[in-house]
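A.B. asks: Pasting query_11.txt below, which is compact mmCIF, C-alpha atoms and all ligand atoms.
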```txt
# COMPACT_ATOMS: atom_id res chain seq x y z
CA MET F 280 108.30 63.79 133.14
CA ARG F 281 109.88 61.97 130.25
CA GLY F 282 106.72 59.93 129.76
CA ASP F 283 104.73 63.12 129.44
CA LEU F 284 106.96 64.42 126.72
CA GLU F 285 106.77 61.25 124.72
CA GLY F 286 103.01 61.26 125.06
CA CYS F 287 102.95 64.79 123.74
CA LEU F 288 105.06 63.89 120.74
CA ALA F 289 102.93 60.85 119.94
CA GLN F 290 99.88 63.05 119.97
CA ILE F 291 101.39 65.48 117.49
CA ILE F 292 102.21 62.66 115.16
CA MET F 293 98.77 61.13 115.42
CA THR F 294 96.85 64.27 114.66
CA GLU F 295 98.78 65.09 111.51
CA THR F 296 98.37 63.68 108.06
CA LYS F 297 102.09 63.94 107.49
CA PRO F 298 103.85 63.66 110.83
CA ALA F 299 105.88 66.58 112.06
CA ASN F 300 109.49 65.66 112.59
CA ILE F 301 110.35 66.93 116.03
CA ALA F 302 113.43 65.80 117.94
CA PRO F 303 112.34 64.86 121.50
CA HIS F 304 115.17 66.76 123.19
CA LEU F 305 113.95 70.04 121.64
CA ILE F 306 110.41 69.69 122.98
CA PRO F 307 111.09 71.34 126.38
CA ILE F 308 112.39 74.45 124.57
CA LEU F 309 109.56 74.53 122.03
CA GLU F 310 107.07 74.26 124.88
CA GLN F 311 108.28 77.62 126.20
CA VAL F 312 107.07 79.39 123.06
CA SER F 313 103.39 80.26 122.98
CA ASP F 314 100.99 81.84 120.53
CA PRO F 315 100.99 85.57 121.40
CA GLU F 316 97.28 85.81 120.60
CA ILE F 317 96.21 82.70 122.52
CA PRO F 318 98.95 82.58 125.17
CA VAL F 319 97.68 79.36 126.78
CA LEU F 320 98.66 77.45 123.62
CA THR F 321 102.27 76.49 122.96
CA VAL F 322 103.47 76.24 119.37
CA LEU F 323 103.32 72.46 119.81
CA ASP F 324 99.68 72.57 120.95
CA LEU F 325 98.90 74.68 117.91
CA GLY F 326 100.63 72.27 115.52
CA VAL F 327 102.56 74.97 113.65
CA ILE F 328 105.97 73.33 114.06
CA ARG F 329 106.51 71.06 111.07
CA GLU F 330 110.07 70.17 111.86
CA ALA F 331 112.58 70.77 114.64
CA ILE F 332 115.91 68.99 114.34
CA GLU F 333 119.51 69.50 115.34
CA GLU F 334 122.10 69.24 112.58
CA ASP F 335 125.80 69.82 113.25
CA GLY F 336 124.95 71.82 116.34
CA VAL F 337 122.43 74.03 114.52
CA ILE F 338 118.73 73.84 115.33
CA LYS F 339 116.52 73.91 112.25
CA VAL F 340 112.87 74.74 112.72
CA LYS F 341 110.16 74.73 110.07
CA LEU F 342 107.15 76.82 110.99
CA THR F 343 103.84 76.93 109.13
CA PRO F 344 101.32 79.79 109.39
CA THR F 345 97.76 79.24 110.54
CA TYR F 346 96.37 81.97 108.24
CA SER F 347 98.36 83.67 105.43
CA GLY F 348 98.24 87.05 107.10
CA CYS F 349 98.52 85.91 110.70
CA PRO F 350 100.68 88.62 112.33
CA ALA F 351 101.47 86.22 115.18
CA MET F 352 103.78 84.28 112.86
CA ASP F 353 106.51 86.94 112.82
CA VAL F 354 106.34 87.13 116.61
CA ILE F 355 106.41 83.33 116.96
CA GLY F 356 109.45 83.21 114.68
CA ASP F 357 111.26 85.78 116.84
CA ASP F 358 110.22 84.04 120.06
CA LEU F 359 111.49 80.70 118.76
CA ARG F 360 114.85 82.24 117.91
CA ALA F 361 115.04 83.88 121.32
CA ALA F 362 114.15 80.64 123.14
CA PHE F 363 116.92 78.68 121.45
CA VAL F 364 119.49 81.46 121.71
CA LYS F 365 118.79 81.61 125.44
CA GLU F 366 119.75 77.92 125.63
CA GLY F 367 122.99 78.76 123.85
CA LYS F 368 121.87 77.17 120.58
CA GLU F 369 122.27 78.43 117.06
CA VAL F 370 118.91 78.35 115.27
CA GLU F 371 117.43 78.79 111.81
CA VAL F 372 113.67 79.29 111.48
CA GLU F 373 112.09 78.74 108.09
CA LEU F 374 108.48 79.46 107.15
CA VAL F 375 106.85 76.72 105.07
CA LEU F 376 103.45 76.99 103.38
CA SER F 377 102.89 73.43 102.28
CA PRO F 378 101.14 71.34 103.46
CA ALA F 379 98.66 73.99 104.60
CA TRP F 380 97.91 74.09 108.31
CA SER F 381 94.62 72.63 109.47
CA THR F 382 92.72 72.94 112.76
CA ASP F 383 93.07 69.13 112.96
CA TRP F 384 96.68 69.76 113.91
CA ILE F 385 95.75 71.39 117.21
CA SER F 386 96.42 68.79 119.90
CA GLU F 387 93.66 67.51 122.20
CA ALA F 388 95.51 69.09 125.14
CA GLY F 389 95.54 72.34 123.18
CA LEU F 390 91.80 72.15 122.48
CA GLN F 391 91.10 71.65 126.17
CA LYS F 392 93.29 74.57 127.20
CA MET F 393 91.58 76.72 124.58
CA GLU F 394 88.13 75.92 125.94
CA THR F 395 89.18 76.72 129.49
CA TYR F 396 90.58 79.99 128.15
CA GLY F 397 87.17 80.86 126.65
CA ILE F 398 87.45 79.86 123.00
CA ALA F 399 85.12 77.14 121.73
CA ARG F 400 86.87 74.37 119.80
CA PRO F 401 86.46 74.00 116.03
CA LEU F 402 83.62 71.72 114.91
CA SER F 403 83.77 69.37 111.94
CA GLU F 404 83.89 70.98 108.50
CA SER F 405 80.19 70.53 107.73
CA ALA F 406 79.02 71.55 111.21
CA ASP F 407 81.31 74.58 110.99
CA LYS F 408 79.64 75.69 107.77
CA ASP F 409 76.21 75.28 109.37
CA VAL F 410 77.01 77.37 112.42
CA LEU F 411 78.77 80.11 110.46
CA LEU F 412 75.78 80.46 108.16
CA GLY F 413 73.58 80.64 111.26
CA ASN F 414 71.70 77.46 110.26
CA ALA F 415 72.46 75.39 113.32
CA LYS F 416 73.10 75.75 117.04
CA LYS F 417 76.03 73.51 117.75
CA VAL F 418 78.75 75.66 119.26
CA LYS F 419 79.07 75.05 122.99
CA CYS F 420 79.23 78.12 125.23
CA THR F 421 82.61 78.17 126.98
CA ASN F 422 80.99 79.73 130.05
CA CYS F 423 77.97 77.50 130.78
CA GLY F 424 78.23 74.66 128.26
CA SER F 425 74.88 75.37 126.58
CA THR F 426 74.60 74.94 122.81
CA ASN F 427 71.82 77.51 122.73
CA THR F 428 74.21 79.97 121.09
CA HIS F 429 74.20 82.17 118.02
CA LEU F 430 76.68 83.70 115.60
CA VAL F 431 77.32 87.40 116.13
CA SER F 432 80.07 87.90 113.57
CA GLN F 433 81.76 85.62 111.03
CA PHE F 434 84.97 87.50 111.71
CA GLY F 435 86.33 87.89 115.23
CA SER F 436 89.19 89.48 117.12
CA THR F 437 91.76 87.52 115.11
CA ALA F 438 91.75 85.83 111.70
CA CYS F 439 91.14 82.39 113.20
CA LYS F 440 88.04 83.21 115.26
CA ALA F 441 84.35 84.06 114.88
CA LEU F 442 82.29 85.77 117.55
CA PHE F 443 79.36 83.97 119.24
CA LYS F 444 76.93 84.72 122.02
CA CYS F 445 75.21 82.38 124.44
CA ASP F 446 71.42 82.75 124.63
CA ASP F 447 71.29 81.08 128.05
CA CYS F 448 73.96 82.86 130.10
CA GLN F 449 74.20 85.84 127.66
CA GLU F 450 78.01 85.74 127.58
CA PRO F 451 79.82 86.49 124.32
CA PHE F 452 82.67 84.13 123.43
CA ASP F 453 85.04 83.25 120.60
CA TYR F 454 84.77 80.22 118.36
CA PHE F 455 87.87 78.86 116.66
CA LYS F 456 86.86 78.40 113.02
CA CYS F 457 87.42 75.03 111.39
CA LEU F 458 90.14 75.20 108.74
CA LYS F 459 90.86 72.22 106.53
CA MET I 41 116.25 88.64 85.31
CA ASN I 42 116.00 84.87 84.90
CA ASN I 43 112.31 84.72 84.31
CA GLU I 44 110.68 88.05 83.66
CA ASN I 45 107.38 86.51 82.62
CA LEU I 46 107.08 84.59 85.87
CA TYR I 47 107.96 87.71 87.86
CA ASN I 48 105.32 89.75 86.05
CA TYR I 49 102.80 86.99 86.37
CA ILE I 50 103.25 86.75 90.14
CA LEU I 51 102.87 90.52 90.47
CA SER I 52 99.70 90.57 88.39
CA ILE I 53 98.06 88.23 90.91
CA ALA I 54 99.63 89.76 94.02
CA ASP I 55 98.92 93.40 93.14
CA ASN I 56 95.17 92.70 93.06
CA SER I 57 95.38 91.44 96.62
CA LEU I 58 97.57 94.33 97.81
CA ILE I 59 95.45 97.13 96.38
CA LEU I 60 92.16 95.58 97.48
CA ALA I 61 93.65 95.07 100.95
CA GLN I 62 94.66 98.75 101.01
CA ARG I 63 91.12 99.81 100.06
CA LEU I 64 89.67 97.61 102.80
CA GLY I 65 92.23 98.93 105.24
CA GLU I 66 90.88 102.45 104.69
CA LEU I 67 87.68 101.23 106.34
CA CYS I 68 89.44 100.34 109.58
CA GLY I 69 87.56 102.22 112.27
CA HIS I 70 85.03 103.48 109.72
CA GLY I 71 82.91 100.38 109.05
CA PRO I 72 79.13 100.84 109.34
CA THR I 73 79.00 98.43 112.29
CA LEU I 74 81.67 96.91 114.52
CA GLU I 75 81.21 93.48 112.94
CA THR I 76 81.58 94.70 109.37
CA ASP I 77 84.52 96.86 110.38
CA ILE I 78 86.30 93.83 111.83
CA ALA I 79 85.36 91.72 108.82
CA GLY I 80 86.83 94.30 106.43
CA THR I 81 90.15 94.41 108.23
CA ASN I 82 90.24 90.62 108.61
CA ILE I 83 89.77 90.18 104.87
CA SER I 84 92.39 92.86 104.29
CA LEU I 85 94.82 90.99 106.52
CA ASP I 86 94.28 87.70 104.68
CA LEU I 87 94.96 89.45 101.39
CA ILE I 88 98.11 91.13 102.71
CA GLY I 89 99.29 87.75 103.97
CA GLN I 90 98.84 86.26 100.51
CA THR I 91 100.54 89.29 98.96
CA ARG I 92 103.56 88.85 101.20
CA SER I 93 104.00 85.24 100.11
CA TYR I 94 103.76 86.25 96.44
CA TYR I 95 106.13 89.20 96.78
CA GLN I 96 108.71 87.17 98.72
CA TYR I 97 108.65 84.70 95.87
CA ALA I 98 108.78 87.41 93.22
CA ALA I 99 111.80 89.00 94.93
CA LYS I 100 113.56 85.62 94.82
CA ILE I 101 112.75 85.19 91.11
CA GLN I 102 113.97 88.71 90.42
CA GLY I 103 117.29 87.88 92.07
CA GLU I 104 118.40 91.45 92.71
CA GLY I 105 118.45 91.21 96.49
CA LYS I 106 115.24 93.17 96.85
CA THR I 107 112.63 92.40 99.50
CA GLU I 108 108.85 92.09 99.61
CA ASP I 109 108.76 95.66 100.95
CA ASP I 110 110.66 97.04 97.95
CA ILE I 111 108.09 95.49 95.65
CA ALA I 112 105.14 96.67 97.70
CA PHE I 113 106.29 100.22 98.39
CA LEU I 114 108.84 101.37 95.86
CA ARG I 115 107.34 100.85 92.44
CA LEU I 116 105.84 103.54 90.24
CA GLU I 117 102.15 103.60 89.42
CA ARG I 118 102.67 102.21 85.92
CA ASP I 119 104.46 99.19 87.35
CA TYR I 120 101.46 97.98 89.37
CA LYS I 121 99.52 95.36 87.46
CA ASN I 122 96.26 95.19 89.41
CA VAL I 123 92.90 95.32 87.65
CA LEU I 124 90.87 98.54 87.80
CA LEU I 125 88.11 96.85 89.82
CA VAL I 126 90.13 96.60 93.04
CA GLU I 127 91.18 100.27 93.05
CA GLN I 128 87.62 101.61 92.90
CA PRO I 129 86.73 103.69 95.97
CA ASN I 130 84.67 102.74 99.05
CA THR I 131 81.85 105.01 97.90
CA HIS I 132 79.37 103.39 100.27
CA PHE I 133 79.01 99.97 101.87
CA GLY I 134 77.18 98.64 98.80
CA TYR I 135 80.26 99.44 96.72
CA VAL I 136 82.57 97.83 99.25
CA MET I 137 80.62 94.57 99.25
CA GLY I 138 79.87 94.69 95.50
CA ARG I 139 83.55 95.19 94.66
CA GLN I 140 84.50 92.43 97.08
CA TYR I 141 81.96 89.97 95.72
CA LEU I 142 82.79 90.60 92.06
CA PHE I 143 86.44 90.05 92.90
CA ASP I 144 85.98 87.10 95.29
CA VAL I 145 84.13 84.97 92.73
CA PHE I 146 86.98 85.50 90.27
CA HIS I 147 89.64 85.08 92.96
CA LEU I 148 88.29 81.73 94.13
CA MET I 149 88.10 80.39 90.56
CA LEU I 150 91.67 81.56 89.97
CA MET I 151 92.95 79.92 93.15
CA ASN I 152 91.20 76.67 92.30
CA GLU I 153 93.15 76.54 89.04
CA LEU I 154 96.40 77.84 90.51
CA LEU I 155 96.37 74.77 92.79
CA LYS I 156 97.26 72.74 89.71
CA SER I 157 100.14 75.00 88.68
CA LYS I 158 103.41 73.31 87.78
CA ASP I 159 105.07 75.93 89.96
CA ASP I 160 105.12 74.42 93.45
CA THR I 161 105.35 77.75 95.29
CA LEU I 162 102.36 79.25 93.50
CA ALA I 163 100.37 76.05 94.11
CA ALA I 164 101.27 76.18 97.82
CA ILE I 165 100.24 79.84 98.16
CA ALA I 166 96.94 78.99 96.46
CA LYS I 167 96.40 76.00 98.73
CA LYS I 168 96.95 78.20 101.77
CA GLY I 169 94.79 81.07 100.51
CA ILE I 170 91.88 79.18 99.00
CA LYS I 171 90.16 78.55 102.32
CA GLU I 172 90.45 82.21 103.18
CA VAL I 173 89.08 83.36 99.85
CA SER I 174 86.08 81.03 100.03
CA TYR I 175 85.31 82.56 103.42
CA HIS I 176 85.55 86.07 101.92
CA LYS I 177 83.13 85.13 99.16
CA ARG I 178 80.65 83.72 101.63
CA PHE I 179 80.72 87.02 103.52
CA SER I 180 80.53 89.38 100.53
CA GLY I 181 77.92 87.26 98.74
CA ASP I 182 75.74 87.27 101.87
CA TRP I 183 75.90 91.05 102.03
CA VAL I 184 75.08 91.56 98.36
CA LYS I 185 72.01 89.38 98.92
CA ARG I 186 71.07 91.08 102.17
CA LEU I 187 71.33 94.56 100.71
CA GLY I 188 69.77 93.67 97.36
CA ASP I 189 66.90 91.90 99.01
CA GLY I 190 66.59 94.41 101.86
CA THR I 191 64.81 97.73 101.90
CA GLU I 192 63.96 99.81 98.85
CA GLU I 193 66.90 102.08 99.61
CA SER I 194 69.42 99.29 100.17
CA ASN I 195 68.27 97.62 96.95
CA GLN I 196 68.70 100.83 95.02
CA LYS I 197 72.17 101.46 96.45
CA MET I 198 73.32 97.91 95.84
CA GLN I 199 72.05 98.11 92.26
CA GLU I 200 73.87 101.38 91.74
CA ALA I 201 77.12 99.82 92.95
CA ILE I 202 76.76 96.74 90.75
CA ASP I 203 75.91 98.88 87.71
CA ASP I 204 79.03 100.99 88.23
CA LEU I 205 81.41 98.18 89.07
CA TRP I 206 80.22 95.89 86.30
CA THR I 207 82.25 97.81 83.75
CA TYR I 208 85.47 96.61 85.39
CA THR I 209 84.66 92.89 85.42
CA ASP I 210 85.69 92.02 81.86
CA GLU I 211 89.29 93.05 82.51
CA LEU I 212 89.63 90.23 85.04
CA PHE I 213 89.86 87.86 82.07
CA ASP I 214 92.36 89.81 79.93
CA LEU I 215 95.51 87.88 79.13
CA THR I 216 98.80 89.78 79.02
CA GLU I 217 101.98 88.51 77.39
CA ALA I 218 103.17 87.23 80.76
CA ASP I 219 99.85 85.42 81.28
CA LYS I 220 100.09 83.72 77.90
CA ALA I 221 103.70 82.68 78.40
CA MET I 222 102.93 81.24 81.83
CA ILE I 223 99.83 79.41 80.60
CA ALA I 224 101.95 77.82 77.88
CA GLU I 225 104.34 76.57 80.55
CA GLY I 226 101.57 75.09 82.69
CA VAL I 227 102.39 77.60 85.45
CA GLY I 228 99.74 80.25 84.85
CA VAL I 229 95.96 80.02 84.81
CA ASP I 230 93.95 80.46 81.64
CA THR I 231 91.21 82.63 83.09
CA SER I 232 89.28 82.72 79.80
CA LYS I 233 88.29 79.12 80.57
CA PHE I 234 86.05 80.11 83.45
CA LYS I 235 84.79 83.47 82.22
CA GLU I 236 81.38 82.11 81.32
CA GLN I 237 81.13 80.25 84.61
CA TYR I 238 82.00 83.52 86.38
CA TYR I 239 79.19 85.49 84.79
CA THR I 240 76.73 82.65 85.38
CA GLU I 241 77.56 82.44 89.09
CA VAL I 242 77.48 86.20 89.60
CA SER I 243 74.25 86.60 87.63
CA ASP I 244 72.55 83.83 89.61
CA LEU I 245 73.38 85.53 92.89
CA LEU I 246 72.27 88.95 91.64
CA LYS I 247 68.92 87.53 90.59
CA GLU I 248 68.56 85.81 93.94
CA ALA I 249 69.35 89.19 95.54
CA ASN I 250 66.52 90.82 93.63
CA LEU I 251 69.03 92.79 91.55
CA GLU I 252 69.20 93.30 87.83
CA VAL I 253 72.13 91.88 85.92
CA PRO I 254 73.65 94.81 84.01
CA GLU I 255 73.69 94.54 80.25
CA ARG I 256 76.81 96.06 78.87
CA LYS I 257 78.72 95.77 75.67
CA TYR I 258 81.64 98.03 76.49
CA PHE I 259 83.98 97.55 79.37
CA THR I 260 86.71 99.64 80.97
CA ARG I 261 90.18 98.12 81.20
CA GLY I 262 93.84 99.05 81.54
CA GLY I 263 95.07 98.25 85.05
CA LYS I 264 96.69 94.98 84.06
CA LYS I 265 98.83 96.94 81.62
CA GLY I 266 99.63 99.65 84.15
CA THR I 267 97.14 102.24 82.91
CA HIS I 268 95.25 102.94 86.09
CA SER I 269 92.26 105.05 87.03
CA GLU I 270 92.70 108.44 88.70
CA TYR I 271 92.25 106.76 92.10
CA MET I 272 95.49 104.82 91.92
CA GLY I 273 97.78 107.77 92.59
CA TYR I 274 95.90 108.60 95.78
CA ILE I 275 96.04 104.98 96.93
CA LEU I 276 99.78 104.84 96.36
CA SER I 277 100.46 108.12 98.07
CA ASP I 278 98.90 106.62 101.21
CA LEU I 279 100.42 103.19 100.76
CA GLN I 280 103.94 104.41 100.00
CA TYR I 281 104.04 107.45 102.26
CA MET I 282 106.26 106.04 105.02
CA GLN I 283 108.82 104.48 102.68
CA ARG I 284 109.00 107.61 100.52
CA THR I 285 109.31 109.93 103.51
CA TYR I 286 111.68 107.80 105.58
CA PRO I 287 113.47 105.57 103.04
CA ASN I 288 114.40 102.09 104.32
CA MET I 289 112.53 102.56 107.58
CA GLU I 290 111.54 99.38 109.41
CA TRP I 291 108.90 98.67 112.02
ZN ZN K 501 76.41 80.25 128.21
```
Before anything else, please render the file you have as structure tokens.

C.D. replies:
Amino acid sequence: MRGDLEGCLAQIIMTETKPANIAPHLIPILEQVSDPEIPVLTVLDLGVIREAIEEDGVIKVKLTPTYSGCPAMDVIGDDLRAAFVKEGKEVEVELVLSPAWSTDWISEAGLQKMETYGIARPLSESADKDVLLGNAKKVKCTNCGSTNTHLVSQFGSTACKALFKCDDCQEPFDYFKCLK
Amino acid sequence: MNNENLYNYILSIADNSLILAQRLGELCGHGPTLETDIAGTNISLDLIGQTRSYYQYAAKIQGEGKTEDDIAFLRLERDYKNVLLVEQPNTHFGYVMGRQYLFDVFHLMLMNELLKSKDDTLAAIAKKGIKEVSYHKRFSGDWVKRLGDGTEESNQKMQEAIDDLWTYTDELFDLTEADKAMIAEGVGVDTSKFKEQYYTEVSDLLKEANLEVPERKYFTRGGKKGTHSEYMGYILSDLQYMQRTYPNMEW
């Protein structure tokens, strides 16, 4: 179990330009908090926790938003507080804007969970531009795996997603837009 | 107040986003198609998110214990500093996309400069918002092209919108006292620097969209100084209704 946790932490550090400072003993609590809009992802999978430390018995968490207006952030803040209070801990959650969140901060485990959930993973920045302008077929259908897909709408059900449709199996699905 | 110029400067940027977001919000459930409806509210949400960051910062600068909500909901019309362009009505979809595009081009240029601000908070808000704004511009620019280069009717309606909205574009580059003071401190953006670039970019897209670039010598202005068009009162009566009716209410 412990090995798993360390592996998780290493992954967070590797995928970030400036490593998030997360105390290992807080990870099990942070893992209980998920994104209300993509419930299969924990806040750690999503890479929105910039810092989680314990100082003089007080837990200090720095949270960064995915999009400026993401309404999930208020909920995540409340859920984080609730999770730590439940463990009998005092907690302060602070929202930080800089450095700006990037889809690169989503962990590989998170990307895999997202795909299983039915949201295609973000492509590279240039490929993302191509698919969102409808110039290229590169987004993989989460249902059948075909890349014979097309853009239906640049804006989707939440700020972070665009809507696609598969031309092979005809299923609509979400694509998580690349943000860098 | 410690820094009145900074406070006013933050509001002049934030109010544009708030009022445009409110206009876009009016379209919720009324967009011409489901996709454009969702796009309008998504853009609105991005703008409200940016506004919240600005207002939270402004409230801190003000130092009177007020919140972002006080600034958003409890000011009088004359205290809003948004440009006239963003308060123009959603007459038809051509107006919605025309207004958006004319603002997005300016907004992106502003954000690109604000990144270099000596004020760390403003630079961070710009850094966060710039990706969103470039996405907005891609969407609105595509629609201006699609409508301009579409059918005879869509071309005519898009042209009508651009002709009407053009009169509000010059105000984007007006510099108030707060602007000048903040530019001098390396905090604010000197928008006059990219005015020419703005008109070149917009004109190029209009030509590509088979639209005529309006020729105009006189422009309408006043919003930045608090002198708004007749639409503003109606916008605020919607926007402020809950706080005026049930003071201090919370969700
Ligand atoms: Zn498929």

A.B. asks: Around ligand ZN 501 (chain K), which protein and nucleic acid residues have at least one atom no more than 12 Å from it, if we count all atoms listed in the file? List them as a PDB file with C-alpha atoms, keeping the file's coordinate frame.

C.D. replies:
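Generated file (part-v7.pdb):
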```
ATOM      1  CA  GLY F 397      87.170  80.860 126.650  1.00  0.00           C
ATOM      2  CA  ALA F 399      85.120  77.140 121.730  1.00  0.00           C
ATOM      3  CA  VAL F 418      78.750  75.660 119.260  1.00  0.00           C
ATOM      4  CA  LYS F 419      79.070  75.050 122.990  1.00  0.00           C
ATOM      5  CA  CYS F 420      79.230  78.120 125.230  1.00  0.00           C
ATOM      6  CA  THR F 421      82.610  78.170 126.980  1.00  0.00           C
ATOM      7  CA  ASN F 422      80.990  79.730 130.050  1.00  0.00           C
ATOM      8  CA  CYS F 423      77.970  77.500 130.780  1.00  0.00           C
ATOM      9  CA  GLY F 424      78.230  74.660 128.260  1.00  0.00           C
ATOM     10  CA  SER F 425      74.880  75.370 126.580  1.00  0.00           C
ATOM     11  CA  THR F 426      74.600  74.940 122.810  1.00  0.00           C
ATOM     12  CA  ASN F 427      71.820  77.510 122.730  1.00  0.00           C
ATOM     13  CA  THR F 428      74.210  79.970 121.090  1.00  0.00           C
ATOM     14  CA  HIS F 429      74.200  82.170 118.020  1.00  0.00           C
ATOM     15  CA  PHE F 443      79.360  83.970 119.240  1.00  0.00           C
ATOM     16  CA  LYS F 444      76.930  84.720 122.020  1.00  0.00           C
ATOM     17  CA  CYS F 445      75.210  82.380 124.440  1.00  0.00           C
ATOM     18  CA  ASP F 446      71.420  82.750 124.630  1.00  0.00           C
ATOM     19  CA  ASP F 447      71.290  81.080 128.050  1.00  0.00           C
ATOM     20  CA  CYS F 448      73.960  82.860 130.100  1.00  0.00           C
ATOM     21  CA  GLN F 449      74.200  85.840 127.660  1.00  0.00           C
ATOM     22  CA  GLU F 450      78.010  85.740 127.580  1.00  0.00           C
ATOM     23  CA  PRO F 451      79.820  86.490 124.320  1.00  0.00           C
ATOM     24  CA  PHE F 452      82.670  84.130 123.430  1.00  0.00           C
ATOM     25  CA  ASP F 453      85.040  83.250 120.600  1.00  0.00           C
TER      26      ASP F 453
END
```

A.B. asks: Based on only C-alpha atoms, which of the residues in chain I come within 9 Å of chain F? I want them as a ChimeraX atom specification.

C.D. replies: /I:75-76,78-80,82-93,161,163-165,167-169,171-172,175,178-179

A.B. asks: Could you write out the selected residues, including C-alpha atoms, as a PDB file, in the coordinates of the input?

C.D. replies:
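Full text of part-v8.pdb as output:
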```pdb
ATOM      1  CA  GLU I  75      81.210  93.480 112.940  1.00  0.00           C
ATOM      2  CA  THR I  76      81.580  94.700 109.370  1.00  0.00           C
ATOM      3  CA  ILE I  78      86.300  93.830 111.830  1.00  0.00           C
ATOM      4  CA  ALA I  79      85.360  91.720 108.820  1.00  0.00           C
ATOM      5  CA  GLY I  80      86.830  94.300 106.430  1.00  0.00           C
ATOM      6  CA  ASN I  82      90.240  90.620 108.610  1.00  0.00           C
ATOM      7  CA  ILE I  83      89.770  90.180 104.870  1.00  0.00           C
ATOM      8  CA  SER I  84      92.390  92.860 104.290  1.00  0.00           C
ATOM      9  CA  LEU I  85      94.820  90.990 106.520  1.00  0.00           C
ATOM     10  CA  ASP I  86      94.280  87.700 104.680  1.00  0.00           C
ATOM     11  CA  LEU I  87      94.960  89.450 101.390  1.00  0.00           C
ATOM     12  CA  ILE I  88      98.110  91.130 102.710  1.00  0.00           C
ATOM     13  CA  GLY I  89      99.290  87.750 103.970  1.00  0.00           C
ATOM     14  CA  GLN I  90      98.840  86.260 100.510  1.00  0.00           C
ATOM     15  CA  THR I  91     100.540  89.290  98.960  1.00  0.00           C
ATOM     16  CA  ARG I  92     103.560  88.850 101.200  1.00  0.00           C
ATOM     17  CA  SER I  93     104.000  85.240 100.110  1.00  0.00           C
ATOM     18  CA  THR I 161     105.350  77.750  95.290  1.00  0.00           C
ATOM     19  CA  ALA I 163     100.370  76.050  94.110  1.00  0.00           C
ATOM     20  CA  ALA I 164     101.270  76.180  97.820  1.00  0.00           C
ATOM     21  CA  ILE I 165     100.240  79.840  98.160  1.00  0.00           C
ATOM     22  CA  LYS I 167      96.400  76.000  98.730  1.00  0.00           C
ATOM     23  CA  LYS I 168      96.950  78.200 101.770  1.00  0.00           C
ATOM     24  CA  GLY I 169      94.790  81.070 100.510  1.00  0.00           C
ATOM     25  CA  LYS I 171      90.160  78.550 102.320  1.00  0.00           C
ATOM     26  CA  GLU I 172      90.450  82.210 103.180  1.00  0.00           C
ATOM     27  CA  TYR I 175      85.310  82.560 103.420  1.00  0.00           C
ATOM     28  CA  ARG I 178      80.650  83.720 101.630  1.00  0.00           C
ATOM     29  CA  PHE I 179      80.720  87.020 103.520  1.00  0.00           C
TER      30      PHE I 179
END
```

A.B. asks: Give me the box for stretch 401-416 of chain F as JSON, namely the centre and edge lengths in Å to one decimal of a box along x, y and z that holds every listed atom plus 4 Å on each side.

C.D. replies:
```
{"center_x": 79.1, "center_y": 75.0, "center_z": 112.4, "size_x": 22.8, "size_y": 19.3, "size_z": 17.3}
```

A.B. asks: May I have the residues within 9 Å of F:Leu320 as a PyMOL selection string, using all atoms listed in the file and disregarding those fewer than 6 positions away in the same chain?

C.D. replies: chain F and resi 312-314+389-390+392-393

A.B. asks: Extract, using only C-alpha atoms, all DNA, RNA and protein residues at most 12 Å from I:Gly273, discarding same-chain residues fewer than 4 positions from it, and format them as a ChimeraX atom specification.

C.D. replies: /I:59,115-118,120,127-128,266-269,277-281

A.B. asks: For atom CA of F:Phe455 and atom CA of F:Ile398, quote the distance in Å rounded to one decimal.

C.D. replies: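 So the answer is 6.4 Å.
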
A.B. asks: F:Ile355: which residues within 12 Å, counting all atoms listed in the file, same-chain residues fewer than 6 positions away excluded, as a VMD selection string?

C.D. replies: chain F and resid 309 311 to 318 320 to 323 325 327 to 328 340 to 345 349 361 to 362 372 to 374

A.B. asks: Report, in Å to a single decimal, how far apart atom CA of I:Thr107 and atom CA of I:Asn56 are.

C.D. replies: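 Here the two named atoms are 18.6 Å from each other.
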
A.B. asks: Between F:Asn300, F:Thr395, F:Ser403, F:Asn414, single out the one closest to F:Asp383, counting all atoms listed in the file.

C.D. replies: F:Ser403

A.B. asks: For a test of reading the model, state the distance in Å between atom CA of I:Tyr286 and atom CA of I:Glu66, rounded to one decimal.

C.D. replies: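 These atoms are spaced 21.5 Å apart.
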
A.B. asks: Could you check which of F:Leu430, F:Ile332, F:Met352, F:Val337 is closest to F:Pro303, using only C-alpha atoms?

C.D. replies: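 Closest to F:Pro303, using only C-alpha atoms: F:Ile332.
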
A.B. asks: Identify which of the residues I:Asp144, I:Glu44, I:Asp182, I:Glu192 lies closest to I:Ile170, counting all atoms listed in the file when measuring atom-to-atom distances.

C.D. replies: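 Looking only at the distances to I:Ile170, the closest residue turns out to be I:Asp144.
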